[in-house]
Amino acid sequence: MENIRDLFKEKQELILPFLLSVVLSFSMYDIYENGFFVWGLAIIGVTIAAFALGEFVNKHNFAGSVVLVVVTFLCLSAFFRLIAGSDYGSTFQLWLLTGSDKVETRFEYLLALLISFVPFFAICIYYFSNVLYRMFFLTLVSIIPCALYVKVLTDISTFYLALIALINVAILLVHLRVEDGKGRTLIGSKAAILSINTFIFALLAVSSAIPKEQDARYYDRFEALFMDSTTRPFKMDYTDFTDMSGNADNYRDFANRRMYTITGNYAPYFKRQCFDSYDFTLDSWLAFGDSNEIISERDEWYELHSRQSLSMLQNAVKRADELSPGFAEKYDMASLANGIDVQDNVNTVMIYSENFAAKYYLSPSRVIRVRDMVPAPEAGVTKSGVIRFKESPHAEDFAYAVDFMDEYYAKWRFIAEGGSNVDNEQCEQMLSEMVDILSATGEGSDLDLAATAQIFLNVHEEAMEYKARCTKNTERISPEIKELAESITDGLTYDHEKADALARYFIQNGYRYDLEYIAEDTSPEYFLFQSKTGSCSDYASAFVLMARSVGLTVRYCEGFVPDITSRENTFVIKDSCAHAYPEVYLPNIGWTAYEPTVPSPYNGMQEQGSNTGGVQLDIDTSLVSTVISIMGIVMVLVILGVVMIPFIDEWRFRNAISKARPDSAVIMAYKRLSSGKAKRLIKKPDTKTAYEFTEKISKITGVDSTKLAFMLENSVYGGSRLTDDDKTYIIECYDMARRGIDNFLSNKAKSDRKKFRARFGRPGKNT
């Protein structure tokens, strides 16, 4: 027990900071991992390694600094590799800043914390407790986990709070204790000023760079309770169909009125209406005269389109290849027939209108049915797959469920297996032959698969008819747009490849989404080649025209992109959620939504699912640059002030004393010495006589200053008048005394640092 007590007393400068580092790391891991015994051992190991690195750096300045830089670089490189994924760390940020509520905890993320935050805690606490004690910095570092708990809306354990507070107090007491006048010296005021400014600068820069939530949490509840958002008027009518599309102006000024609340695992893009022909004079889209007419009763349509499943089509290809060997290879579908099964799941969302009556149901691209929760007016389906009411709109408090096929997971998997690697002619031939092969057996299961192939064939034929109707409009697309589209899709064969390339072109080539921007020219050419700035309607229009110019079957859609909320699996649609986007027909897949405006699962530029779950994160780059600029200027001014103010002050004194009378000069010189740095050598110099003060200064610095006291007393009390020669000597005596004081303080600081390092940093090297 005595040995343990002695060891603790000897190493308490390291043991207490080590415990604080471990507790901080444990408290942070407790947010994301409940049973973290193994991770606890890893935390202790990494903290030990970090403290060992700190000791090495403290003992070997140059070599230690090199090792620290190398280790930091390796840790950062590994950290970014672990969090990168396909969305450059956005999913990790969402996981970190929401307490793993919205993104599932992964081993890579916990490992990323282990090689970043854990050593960060350890190195910071080691430095600010052992090398240069700064209680302020230790407190700030200790607050980091607490701030994270607040950020993720989780209660921090009282156990962690108590430990963090107690260990900080214990470290403070250790550094306040003085043993025989040889306690730890808090040295380096200039270094402290520099470190404080550096820390504040880094703190502000990092905090401003952390992605912020775009919408305040629980704002939807506040809005519903206090702002009566469901009764404010719309800026434009979203209740009915229109003959002409909305343009960029309609996306600038929203009432921000809520229209729907949606619950479900995720909410897809919902279309309100599709448009078919571009008016090159008005720069707007027009709908064909029969586009909004009902062509099918909805029950009949549901029966057919419930079969439009990519997984069922894959099974049909496999079965056709069994019945007619070589069928899959003939159409280059061997990979699809023999590859991984495509999971084309049916998703369901519940939709509740909020004092909003519309003449349509919200319709995803791959909708298969809607189910009314209350009696509803009679409805049917239009050519573009919008399910609408025949006469009157639904009630203002209407509720219904929408069933739809997976919007992007299945599509990407199906494409990866080569399921859409056919042109339009091959697609029609393949589906027709598949229907014949499967129908010939007469078996029930084969007939079901034949019906699946038939519905895909029907959708294909309707799409080709639509493409033919758009031919004349396509011929009016300008040569500049055609040339750009051809350059983007050069070397690509299949429609899905071309659609992907066109969607990604905007995101990868500096186009800017800005609802406030007002273009001097509303043409797609101006958007594509001049401004490269616009609203979603500009992006969607340019995409459709380019896609049509290279032979794709595509239409312009207007609808809504739901906003996520702070509540799990809950979304809202407000008028500000209005969005324009293209729908592309892909052979063997059908009509599918694409997104050229922003990174999204609909264009494969964002990790699938990372945009769902309750929080949207955004980095305010203008805030980051502003903070960095302001703090940079402040730091420069502070450094200049610390360096220049003493020189300016001394210059002002020398200028004043040179102009003063000799009798005044001796008083000025004495006051300057006794009220300046000499206070750091002599306690209460104003209580000593001039002789006592100068003798003390002479004894400490080795510079004889007593004659200055003699001349002062002769002038003030002896009635003697000093001459200009006396003034010259007074100034020389002042200069020697000032330099002596400066040299003594400088040497004392060096000696203190050596003693400090000998006691705490470099054992065995006392000087």
# chains A, B, ... in the order shown; residues from 1 in each chain; ligands from 1

$ residues_around --residues "range 408-424 of chain A" --least-positions-apart "5" --cutoff "8 Å" --atoms "only C-alpha atoms" --output "count of residues only"
23

$ residues_around --residues "range 517-529 of chain A" --least-positions-apart "5" --cutoff "10 Å" --atoms "only C-alpha atoms" --output "list in words"
Asn247, Ala248, Asp249, Arg252, Phe280, Thr281, Leu282, Asp283, Ser284, Ile477, Ser478, Glu480, Ile481, Leu484, Phe506, Tyr511, Arg512, Gly534, Ser535, Ser537, Asp538, Tyr539, Ala540, Ser541, Ala542, Phe543, Leu545 and Met546 of chain A

$ atom_distance --atom1 "CA of Tyr160 in chain A" --atom2 "CA of Ser27 in chain A"
6.3 Å

$ residues_around --residues "range 347-353 of chain A" --least-positions-apart "5" --cutoff "9 Å" --atoms "only C-alpha atoms" --output "tab-separated table (two decimals) with N, CA and C atoms, in the first residue's frame"
chain	number	residue	atom	x	y	z
A	258	ARG	N	-47.39	24.13	-44.91
A	258	ARG	CA	-47.38	22.67	-44.94
A	258	ARG	C	-48.61	22.15	-45.68
A	259	MET	N	-48.36	21.13	-46.52
A	259	MET	CA	-49.43	20.52	-47.31
A	259	MET	C	-49.70	19.08	-46.86
A	260	TYR	N	-48.62	18.34	-46.56
A	260	TYR	CA	-48.78	16.94	-46.17
A	260	TYR	C	-47.81	16.59	-45.05
A	261	THR	N	-48.21	15.62	-44.24
A	261	THR	CA	-47.31	14.92	-43.33
A	261	THR	C	-47.23	13.47	-43.81
A	262	ILE	N	-46.02	12.93	-43.85
A	262	ILE	CA	-45.80	11.59	-44.40
A	262	ILE	C	-45.05	10.76	-43.39
A	263	THR	N	-45.46	9.52	-43.23
A	263	THR	CA	-44.73	8.59	-42.37
A	263	THR	C	-44.34	7.36	-43.19
A	264	GLY	N	-43.13	6.87	-42.94
A	264	GLY	CA	-42.63	5.71	-43.66
A	264	GLY	C	-41.13	5.60	-43.49
A	265	ASN	N	-40.55	4.50	-43.98
A	265	ASN	CA	-39.11	4.29	-43.85
A	265	ASN	C	-38.32	5.35	-44.61
A	266	TYR	N	-38.79	5.71	-45.78
A	266	TYR	CA	-38.21	6.83	-46.51
A	266	TYR	C	-39.27	7.35	-47.47
A	267	ALA	N	-39.13	8.59	-47.86
A	267	ALA	CA	-40.10	9.21	-48.76
A	267	ALA	C	-39.45	9.49	-50.10
A	358	ALA	N	-56.42	18.31	-52.94
A	358	ALA	CA	-55.82	18.22	-54.28
A	358	ALA	C	-56.63	17.27	-55.15
A	362	LEU	N	-50.37	11.80	-54.40
A	362	LEU	CA	-48.93	11.90	-54.60
A	362	LEU	C	-48.44	10.58	-55.22
A	395	ALA	N	-60.75	15.40	-49.76
A	395	ALA	CA	-61.04	16.27	-48.62
A	395	ALA	C	-59.75	16.92	-48.09
A	396	GLU	N	-59.91	18.00	-47.35
A	396	GLU	CA	-58.74	18.73	-46.85
A	396	GLU	C	-57.99	17.96	-45.77
A	397	ASP	N	-58.67	17.03	-45.11
A	397	ASP	CA	-58.00	16.23	-44.08
A	397	ASP	C	-57.92	14.77	-44.53
A	398	PHE	N	-57.63	14.57	-45.77
A	398	PHE	CA	-57.63	13.25	-46.39
A	398	PHE	C	-56.39	12.46	-45.97
A	399	ALA	N	-56.54	11.12	-45.86
A	399	ALA	CA	-55.42	10.24	-45.51
A	399	ALA	C	-55.44	9.02	-46.41
A	400	TYR	N	-54.26	8.61	-46.88
A	400	TYR	CA	-54.17	7.43	-47.73
A	400	TYR	C	-52.77	6.84	-47.65
A	401	ALA	N	-52.66	5.59	-48.08
A	401	ALA	CA	-51.37	4.89	-48.11
A	401	ALA	C	-50.95	4.73	-49.56
A	402	VAL	N	-49.65	4.88	-49.83
A	402	VAL	CA	-49.10	4.71	-51.17
A	402	VAL	C	-48.12	3.54	-51.14
A	403	ASP	N	-48.35	2.54	-51.99
A	403	ASP	CA	-47.42	1.43	-52.15
A	403	ASP	C	-46.63	1.67	-53.43
A	404	PHE	N	-45.32	1.52	-53.34
A	404	PHE	CA	-44.49	1.75	-54.52
A	404	PHE	C	-43.27	0.84	-54.47
A	405	MET	N	-42.78	0.52	-55.66
A	405	MET	CA	-41.57	-0.29	-55.77
A	405	MET	C	-40.35	0.55	-55.39
A	406	ASP	N	-39.32	-0.15	-54.95
A	406	ASP	CA	-38.08	0.51	-54.56
A	406	ASP	C	-37.62	1.48	-55.64

$ select_by_dssp --residues "range 339-541 of chain A" --states "strand (DSSP E or B)" --output "JSON, numbers by chain"
{"A": [346, 347, 348, 349, 350, 351, 352, 353, 360, 363, 367, 368, 369, 370, 371, 372, 379, 380, 381, 382, 387, 388, 389, 399, 400, 401, 402, 403, 404, 405, 512, 513, 533, 534]}

$ write_last_selection --atoms "C-alpha atoms" --output "CSV table (one decimal), in the first residue's frame"
chain,number,residue,atom,x,y,z
A,346,VAL,CA,-42.6,-2.8,-52.0
A,347,ASN,CA,-42.5,0.2,-49.7
A,348,THR,CA,-45.4,2.0,-48.1
A,349,VAL,CA,-45.9,5.5,-46.9
A,350,MET,CA,-48.9,7.0,-45.1
A,351,ILE,CA,-49.9,10.5,-46.3
A,352,TYR,CA,-52.0,12.9,-44.4
A,353,SER,CA,-53.1,16.1,-46.0
A,360,TYR,CA,-54.4,13.9,-57.4
A,363,SER,CA,-47.3,9.5,-57.1
A,367,VAL,CA,-46.2,3.6,-57.7
A,368,ILE,CA,-48.3,0.4,-57.8
A,369,ARG,CA,-51.4,1.4,-55.8
A,370,VAL,CA,-52.9,3.8,-53.3
A,371,ARG,CA,-55.2,2.7,-50.5
A,372,ASP,CA,-57.7,5.2,-49.1
A,379,ALA,CA,-60.2,8.1,-59.4
A,380,GLY,CA,-58.3,6.8,-62.4
A,381,VAL,CA,-54.7,6.8,-63.8
A,382,THR,CA,-53.2,9.1,-66.4
A,387,ILE,CA,-53.4,8.7,-60.0
A,388,ARG,CA,-56.1,11.5,-60.1
A,389,PHE,CA,-59.7,12.1,-59.1
A,399,ALA,CA,-55.4,10.2,-45.5
A,400,TYR,CA,-54.2,7.4,-47.7
A,401,ALA,CA,-51.4,4.9,-48.1
A,402,VAL,CA,-49.1,4.7,-51.2
A,403,ASP,CA,-47.4,1.4,-52.2
A,404,PHE,CA,-44.5,1.7,-54.5
A,405,MET,CA,-41.6,-0.3,-55.8
A,512,ARG,CA,-24.7,26.3,-58.9
A,513,TYR,CA,-28.2,25.8,-57.4
A,533,THR,CA,-26.7,29.0,-62.1
A,534,GLY,CA,-30.4,28.4,-61.7

$ closest_residue --among "A:Cys146, A:Thr687, A:Asn473, A:Ser365" --to "Thr158 in chain A" --atoms "only C-alpha atoms"
A:Cys146

$ residues_around --residues "range 164-166 of chain A" --least-positions-apart "6" --cutoff "12 Å" --atoms "only C-alpha atoms" --output "PDB file with C-alpha atoms, in the first residue's frame"
ATOM      1  CA  LEU A  16      -4.577  12.165 -13.084  1.00  0.00           C
ATOM      2  CA  PRO A  17      -4.437  13.509 -16.665  1.00  0.00           C
ATOM      3  CA  PHE A  18      -4.388   9.912 -17.922  1.00  0.00           C
ATOM      4  CA  LEU A  19      -7.547   9.132 -15.971  1.00  0.00           C
ATOM      5  CA  LEU A  20      -9.221  12.283 -17.295  1.00  0.00           C
ATOM      6  CA  SER A  21      -8.376  11.333 -20.891  1.00  0.00           C
ATOM      7  CA  VAL A  22      -9.760   7.821 -20.450  1.00  0.00           C
ATOM      8  CA  VAL A  23     -12.982   9.064 -18.804  1.00  0.00           C
ATOM      9  CA  LEU A  24     -13.572  11.594 -21.599  1.00  0.00           C
ATOM     10  CA  SER A  25     -13.083   8.917 -24.256  1.00  0.00           C
ATOM     11  CA  PHE A  26     -15.315   6.444 -22.401  1.00  0.00           C
ATOM     12  CA  SER A  27     -18.071   9.049 -22.061  1.00  0.00           C
ATOM     13  CA  LEU A 138      -8.428  21.506 -19.785  1.00  0.00           C
ATOM     14  CA  THR A 139     -11.930  22.720 -19.008  1.00  0.00           C
ATOM     15  CA  LEU A 140     -12.689  23.333 -22.671  1.00  0.00           C
ATOM     16  CA  VAL A 141     -11.433  19.885 -23.674  1.00  0.00           C
ATOM     17  CA  SER A 142     -13.514  18.347 -20.876  1.00  0.00           C
ATOM     18  CA  ILE A 143     -16.621  20.094 -22.203  1.00  0.00           C
ATOM     19  CA  ILE A 144     -16.321  18.468 -25.673  1.00  0.00           C
ATOM     20  CA  PRO A 145     -18.107  15.190 -24.766  1.00  0.00           C
ATOM     21  CA  CYS A 146     -20.719  17.136 -22.795  1.00  0.00           C
ATOM     22  CA  ILE A 156     -25.000  12.364 -20.081  1.00  0.00           C
ATOM     23  CA  SER A 157     -24.501  10.031 -17.145  1.00  0.00           C
ATOM     24  CA  THR A 158     -24.043  11.724 -13.774  1.00  0.00           C
ATOM     25  CA  LEU A 172      -5.899  21.870 -10.219  1.00  0.00           C
ATOM     26  CA  LEU A 173      -5.012  21.096  -6.594  1.00  0.00           C
TER      27      LEU A 173
END

$ closest_residue --among "A:Phe128, A:Tyr361, A:Trp95, A:Phe744" --to "Tyr109 in chain A" --atoms "only C-alpha atoms"
A:Trp95

$ select_by_dssp --residues "range 317-492 of chain A" --states "alpha helix (DSSP H)" --output "ChimeraX atom specification"
/A:317-323,327-330,334-338,409-416,424-439,444-469,471-475,479-488
